[in-house]
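J.: Just dropping this structure here.
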Amino acid sequence: MADLRVSLAGIEAPNPFWLASAPPTNTGYQVQRAFEAGWGGAVWKTLGEPIINTSSRFAAVHFGGQRVAGFNNIELITDRPLEVNLKEIYETKKKFPNHALVVSLMVEPKREKWHEIVKRVEDVGVDGLELNFGCPHGMAERGMGSASGQQPDLVEMQTMWAKEAASTPVIVKLTPNITDITVTARHAVLGGADAISMINTINSLAGVDLDSWQTIPHVAGKGAHGGYCGPAVKPIALNMVAECARHSDIGVPISGIGGIATWQDAAEFMLMGASAVQICTAAMHHGFRIVEEMIDGLNHYLDNKGIASVKELVGKAVPRYSKWGDLDLNYRVVARINTETCINCNKCYIACEDTSHQCIDRLTSESGPYLQVREEDCVGCNLCSIVCPVDGAIEMVEAEPAGAPMSWNDRMRTMANLNAGKAGMEAR
């Protein structure tokens, strides 16, 4: 069996599967149940000044027969007294000394507030702290959460204040509700962050009831924007993790969050630079026991790849992730339809004819109708293979390149050199 142990900024855990700061980590009872089930770590639900949460606070987006493709919530931080949380954190860490126990924190952007809560939480023996600069609702209206996380100077300053008092690693949790997450990530690093975690939830409204016209969810007839998570946000989160992982000015470990529901999702995040991952919606949907399948699946994957330690996955795909301007514009793939497995549903033909490049022909032979791609007209967009309901019926294959490798940036440099040469000749 492969070695699944991970280390995030010096925080050790028996495996990379951690519960994110959220309803599943609200109490010692829950976190201890999670550790018993096999989770490698947990980030305790955000502590701060206890608040009153709303009644009716969750909603979900179901799509194509899949329940909870996306999840929306308007829940805020802990509504339990700090003393109660601290007592349970102490008891949990004492009972599970080898599991990673990190505590999420959120207070007003005041130096003394950060110093006070950091010291009180570290006194009960936590492994690390996660600064919540990402909550998009409720707390943002009070100047905390994403209201702080969207301002790079506040991210840097508050990180620095926490670091002044902290003796354990400080992780900064970033909001995706921003134009460029690498900007706030860099300022977290400037403030002294030992690691960053991403993404927090995305601003959202789950829906509107077409009978009552109430928002979903609603509280006594009124709704508010919430935080969106679940499988639907995975591509957004994966991109943001990759952008930070490849940025030369960031260079700190990453805890990946956002739509992770399987061991495959976790492996993708680690390949794109995450040292460990945090999971919430999948646990809320299926319960804590899902970690067993995640552990088994990741173990088998690593064994099949001949990889001894999960740490060897971290960042391996990052060099393959580049800017659009560096892509080879002369590289070509084309679609080929396997007539043996094609069921002639014509989904690919309709998609190509109506919305792509009209390069699939409907033909007839002695054995009946069949579909064929005119490869000289195919641009390799992948649409036909995406809409095809039969795995393997349409294959995207490499074709003869249009020329020597050339990117847009190469082309611009060549044109600039030609223009410079032309200008030089005219000057002479």
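Residue numbering restarts at 1 in every chain; chains get A, B, ... in the order shown in the structure tokens, and ligands count up from 1 in that same order.
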Would you list the contacts of Leu298 (chain A) as a ChimeraX atom specification, taking every protein, DNA or RNA residue within 9 Å and counting only C-alpha atoms, but skipping same-chain residues closer than 6 positions in sequence?

T.: /A:2,4,263-264,266-267,310

J.: Just to be explicit: take each residue in the selection above, keep C-alpha atoms, and write the result as an mmCIF file, in the first residue's frame.

T.:
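Final output, selection_3.cif:
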data_model
loop_
_atom_site.group_PDB
_atom_site.id
_atom_site.type_symbol
_atom_site.label_atom_id
_atom_site.label_comp_id
_atom_site.auth_asym_id
_atom_site.auth_seq_id
_atom_site.Cartn_x
_atom_site.Cartn_y
_atom_site.Cartn_z
ATOM 1 C CA ALA A 2 1.237 3.482 -0.794
ATOM 2 C CA LEU A 4 -0.771 8.425 2.207
ATOM 3 C CA TRP A 263 -10.400 10.206 -4.711
ATOM 4 C CA GLN A 264 -10.041 11.154 -8.383
ATOM 5 C CA ALA A 266 -8.424 14.797 -4.768
ATOM 6 C CA ALA A 267 -5.703 13.397 -7.033
ATOM 7 C CA VAL A 310 1.103 10.459 -2.248
#

J.: If you run DSSP on the backbone here, which positions in region 50-252 of chain A get strand (DSSP E or B)? Please write them as a ChimeraX atom specification.

T.: /A:58-63,66-73,100-105,128-132,170-173,195-198,202-204,207-208,215-216,219,222,226-229

J.: Residues of the last selection are to be written out with C-alpha atoms, as an mmCIF file, in the first residue's frame.

T.:
data_model
loop_
_atom_site.group_PDB
_atom_site.id
_atom_site.type_symbol
_atom_site.label_atom_id
_atom_site.label_comp_id
_atom_site.auth_asym_id
_atom_site.auth_seq_id
_atom_site.Cartn_x
_atom_site.Cartn_y
_atom_site.Cartn_z
ATOM 1 C CA PHE A 58 -29.301 25.530 2.819
ATOM 2 C CA ALA A 59 -30.357 24.937 -0.780
ATOM 3 C CA ALA A 60 -29.145 22.672 -3.549
ATOM 4 C CA VAL A 61 -29.041 22.608 -7.325
ATOM 5 C CA HIS A 62 -29.995 19.233 -8.787
ATOM 6 C CA PHE A 63 -29.056 18.692 -12.429
ATOM 7 C CA GLN A 66 -27.815 14.180 -10.017
ATOM 8 C CA ARG A 67 -28.826 15.467 -6.618
ATOM 9 C CA VAL A 68 -26.676 18.190 -5.054
ATOM 10 C CA ALA A 69 -24.652 19.022 -8.143
ATOM 11 C CA GLY A 70 -24.276 22.368 -6.408
ATOM 12 C CA PHE A 71 -24.897 23.447 -2.836
ATOM 13 C CA ASN A 72 -25.798 26.891 -1.505
ATOM 14 C CA ASN A 73 -25.767 28.078 2.090
ATOM 15 C CA ALA A 100 -4.430 17.204 11.901
ATOM 16 C CA LEU A 101 -6.655 19.589 13.821
ATOM 17 C CA VAL A 102 -6.724 23.120 12.441
ATOM 18 C CA VAL A 103 -9.107 25.825 13.664
ATOM 19 C CA SER A 104 -10.718 28.425 11.420
ATOM 20 C CA LEU A 105 -10.803 31.971 12.795
ATOM 21 C CA GLY A 128 -2.567 25.182 13.017
ATOM 22 C CA LEU A 129 -4.849 28.119 12.294
ATOM 23 C CA GLU A 130 -6.874 28.965 9.194
ATOM 24 C CA LEU A 131 -7.818 32.605 8.721
ATOM 25 C CA ASN A 132 -11.245 32.836 7.098
ATOM 26 C CA VAL A 170 -1.049 30.003 9.742
ATOM 27 C CA ILE A 171 -3.118 29.108 6.675
ATOM 28 C CA VAL A 172 -4.983 31.873 4.840
ATOM 29 C CA LYS A 173 -8.286 30.857 3.241
ATOM 30 C CA ALA A 195 0.121 28.128 3.538
ATOM 31 C CA ILE A 196 -3.008 29.132 1.653
ATOM 32 C CA SER A 197 -6.310 27.308 1.221
ATOM 33 C CA MET A 198 -8.801 27.775 -1.589
ATOM 34 C CA ILE A 202 -18.828 31.591 -4.524
ATOM 35 C CA ASN A 203 -21.529 34.287 -4.358
ATOM 36 C CA SER A 204 -24.765 32.697 -5.470
ATOM 37 C CA GLY A 207 -33.023 29.655 -7.369
ATOM 38 C CA VAL A 208 -36.492 31.161 -7.303
ATOM 39 C CA THR A 215 -35.966 32.906 -3.253
ATOM 40 C CA ILE A 216 -34.469 29.506 -2.411
ATOM 41 C CA VAL A 219 -36.197 33.460 5.613
ATOM 42 C CA LYS A 222 -36.815 37.334 2.175
ATOM 43 C CA GLY A 226 -25.178 32.745 -0.223
ATOM 44 C CA GLY A 227 -22.055 30.691 -0.762
ATOM 45 C CA TYR A 228 -21.965 28.128 -3.587
ATOM 46 C CA CYS A 229 -19.965 24.906 -3.388
#

J.: Would you mind writing down, as an MDAnalysis selection string, each residue of region 218-251 of chain A that DSSP on the backbone assigns to helix (DSSP H, G or I)?

T.: chainID A and resid 231:245

J.: Please list as an NGL selection string every residue within 6 Å of Gln278 (chain A), counting only C-alpha atoms and excluding residues in the same chain fewer than 3 positions away.

T.: :A and (18-20 or 257)

J.: Using only C-alpha atoms, which of A:Thr159, A:Asn299, A:Asn85, A:Asn346 sits nearest Gly191 (chain A)?

T.: A:Thr159

J.: Which polymer residues have any atom within 12 Å of an atom of region 357-368 of chain A, counting only C-alpha atoms, with same-chain residues fewer than 2 positions away left out, as a PyMOL selection string?

T.: chain A and resi 334-337+339-340+343-355+370-384+394

J.: Would you pick out the contacts of Ala140 (chain A) at 12 Å or less, using only C-alpha atoms, so that residues sharing its chain but fewer than 6 positions from it are not included, and give the list as a VMD selection string?

T.: chain A and resid 74 76 to 77 106 to 109 132 to 134 146 to 151 175 177 203 225 to 227

J.: Please, could you write that set of residues out with C-alpha atoms as a PDB file, in the first residue's frame?

T.:
ATOM      1  CA  ILE A  74     -26.377  31.268   4.056  1.00  0.00           C
ATOM      2  CA  LEU A  76     -22.392  31.902   9.160  1.00  0.00           C
ATOM      3  CA  ILE A  77     -19.678  31.056  11.689  1.00  0.00           C
ATOM      4  CA  MET A 106     -12.625  35.161  11.886  1.00  0.00           C
ATOM      5  CA  VAL A 107     -12.701  38.408  13.816  1.00  0.00           C
ATOM      6  CA  GLU A 108     -12.906  42.108  13.079  1.00  0.00           C
ATOM      7  CA  PRO A 109      -9.861  43.585  11.323  1.00  0.00           C
ATOM      8  CA  ASN A 132     -11.245  32.836   7.098  1.00  0.00           C
ATOM      9  CA  PHE A 133     -11.057  35.641   4.553  1.00  0.00           C
ATOM     10  CA  GLY A 134     -13.608  34.035   2.292  1.00  0.00           C
ATOM     11  CA  SER A 146     -14.689  38.168   1.856  1.00  0.00           C
ATOM     12  CA  ALA A 147     -15.033  41.882   2.644  1.00  0.00           C
ATOM     13  CA  SER A 148     -11.510  41.572   4.038  1.00  0.00           C
ATOM     14  CA  GLY A 149     -10.449  38.884   1.572  1.00  0.00           C
ATOM     15  CA  GLN A 150     -11.181  41.093  -1.429  1.00  0.00           C
ATOM     16  CA  GLN A 151      -8.761  43.749  -0.194  1.00  0.00           C
ATOM     17  CA  THR A 175     -12.162  34.070  -1.483  1.00  0.00           C
ATOM     18  CA  ASN A 177     -15.090  36.347  -5.384  1.00  0.00           C
ATOM     19  CA  ASN A 203     -21.529  34.287  -4.358  1.00  0.00           C
ATOM     20  CA  HIS A 225     -27.004  35.749  -1.610  1.00  0.00           C
ATOM     21  CA  GLY A 226     -25.178  32.745  -0.223  1.00  0.00           C
ATOM     22  CA  GLY A 227     -22.055  30.691  -0.762  1.00  0.00           C
TER      23      GLY A 227
END

J.: Could you tell me which of A:Asn417, A:His218, A:Gly315, A:Pro152 comes closest to Ser56 (chain A) if we count only C-alpha atoms?

T.: A:His218

J.: Residues near Gly38 (chain A), anyone? I mean within 7 Å using only C-alpha atoms, not counting same-chain ones fewer than 2 positions away, as a PDB file with N, CA and C atoms, in the first residue's frame.

T.:
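Contents of around_7.pdb, as written:
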ATOM      1  N   ALA A  34     -15.601  11.758  12.661  1.00  0.00           N
ATOM      2  CA  ALA A  34     -14.899  11.810  11.379  1.00  0.00           C
ATOM      3  C   ALA A  34     -13.534  11.134  11.475  1.00  0.00           C
ATOM      4  N   PHE A  35     -12.800  11.418  12.531  1.00  0.00           N
ATOM      5  CA  PHE A  35     -11.489  10.804  12.705  1.00  0.00           C
ATOM      6  C   PHE A  35     -11.614   9.289  12.866  1.00  0.00           C
ATOM      7  N   GLU A  36     -12.619   8.861  13.571  1.00  0.00           N
ATOM      8  CA  GLU A  36     -12.855   7.417  13.726  1.00  0.00           C
ATOM      9  C   GLU A  36     -13.161   6.768  12.373  1.00  0.00           C
ATOM     10  N   GLY A  40      -8.184  12.231   7.671  1.00  0.00           N
ATOM     11  CA  GLY A  40      -6.837  12.539   8.140  1.00  0.00           C
ATOM     12  C   GLY A  40      -6.729  13.828   8.915  1.00  0.00           C
ATOM     13  N   VAL A 291     -15.013   8.559   3.183  1.00  0.00           N
ATOM     14  CA  VAL A 291     -13.564   8.641   3.197  1.00  0.00           C
ATOM     15  C   VAL A 291     -12.930   7.271   3.006  1.00  0.00           C
ATOM     16  N   GLU A 292     -13.629   6.213   3.375  1.00  0.00           N
ATOM     17  CA  GLU A 292     -13.081   4.868   3.206  1.00  0.00           C
ATOM     18  C   GLU A 292     -12.828   4.571   1.732  1.00  0.00           C
TER      19      GLU A 292
END

J.: Which residues are near Glu12 (chain A)? Cut-off 10 Å, only C-alpha atoms, ignore same chain within fewer than 2 positions. Put them as number ranges by chain.

T.: A: 5-10, 14-16, 40-41, 98-101, 127
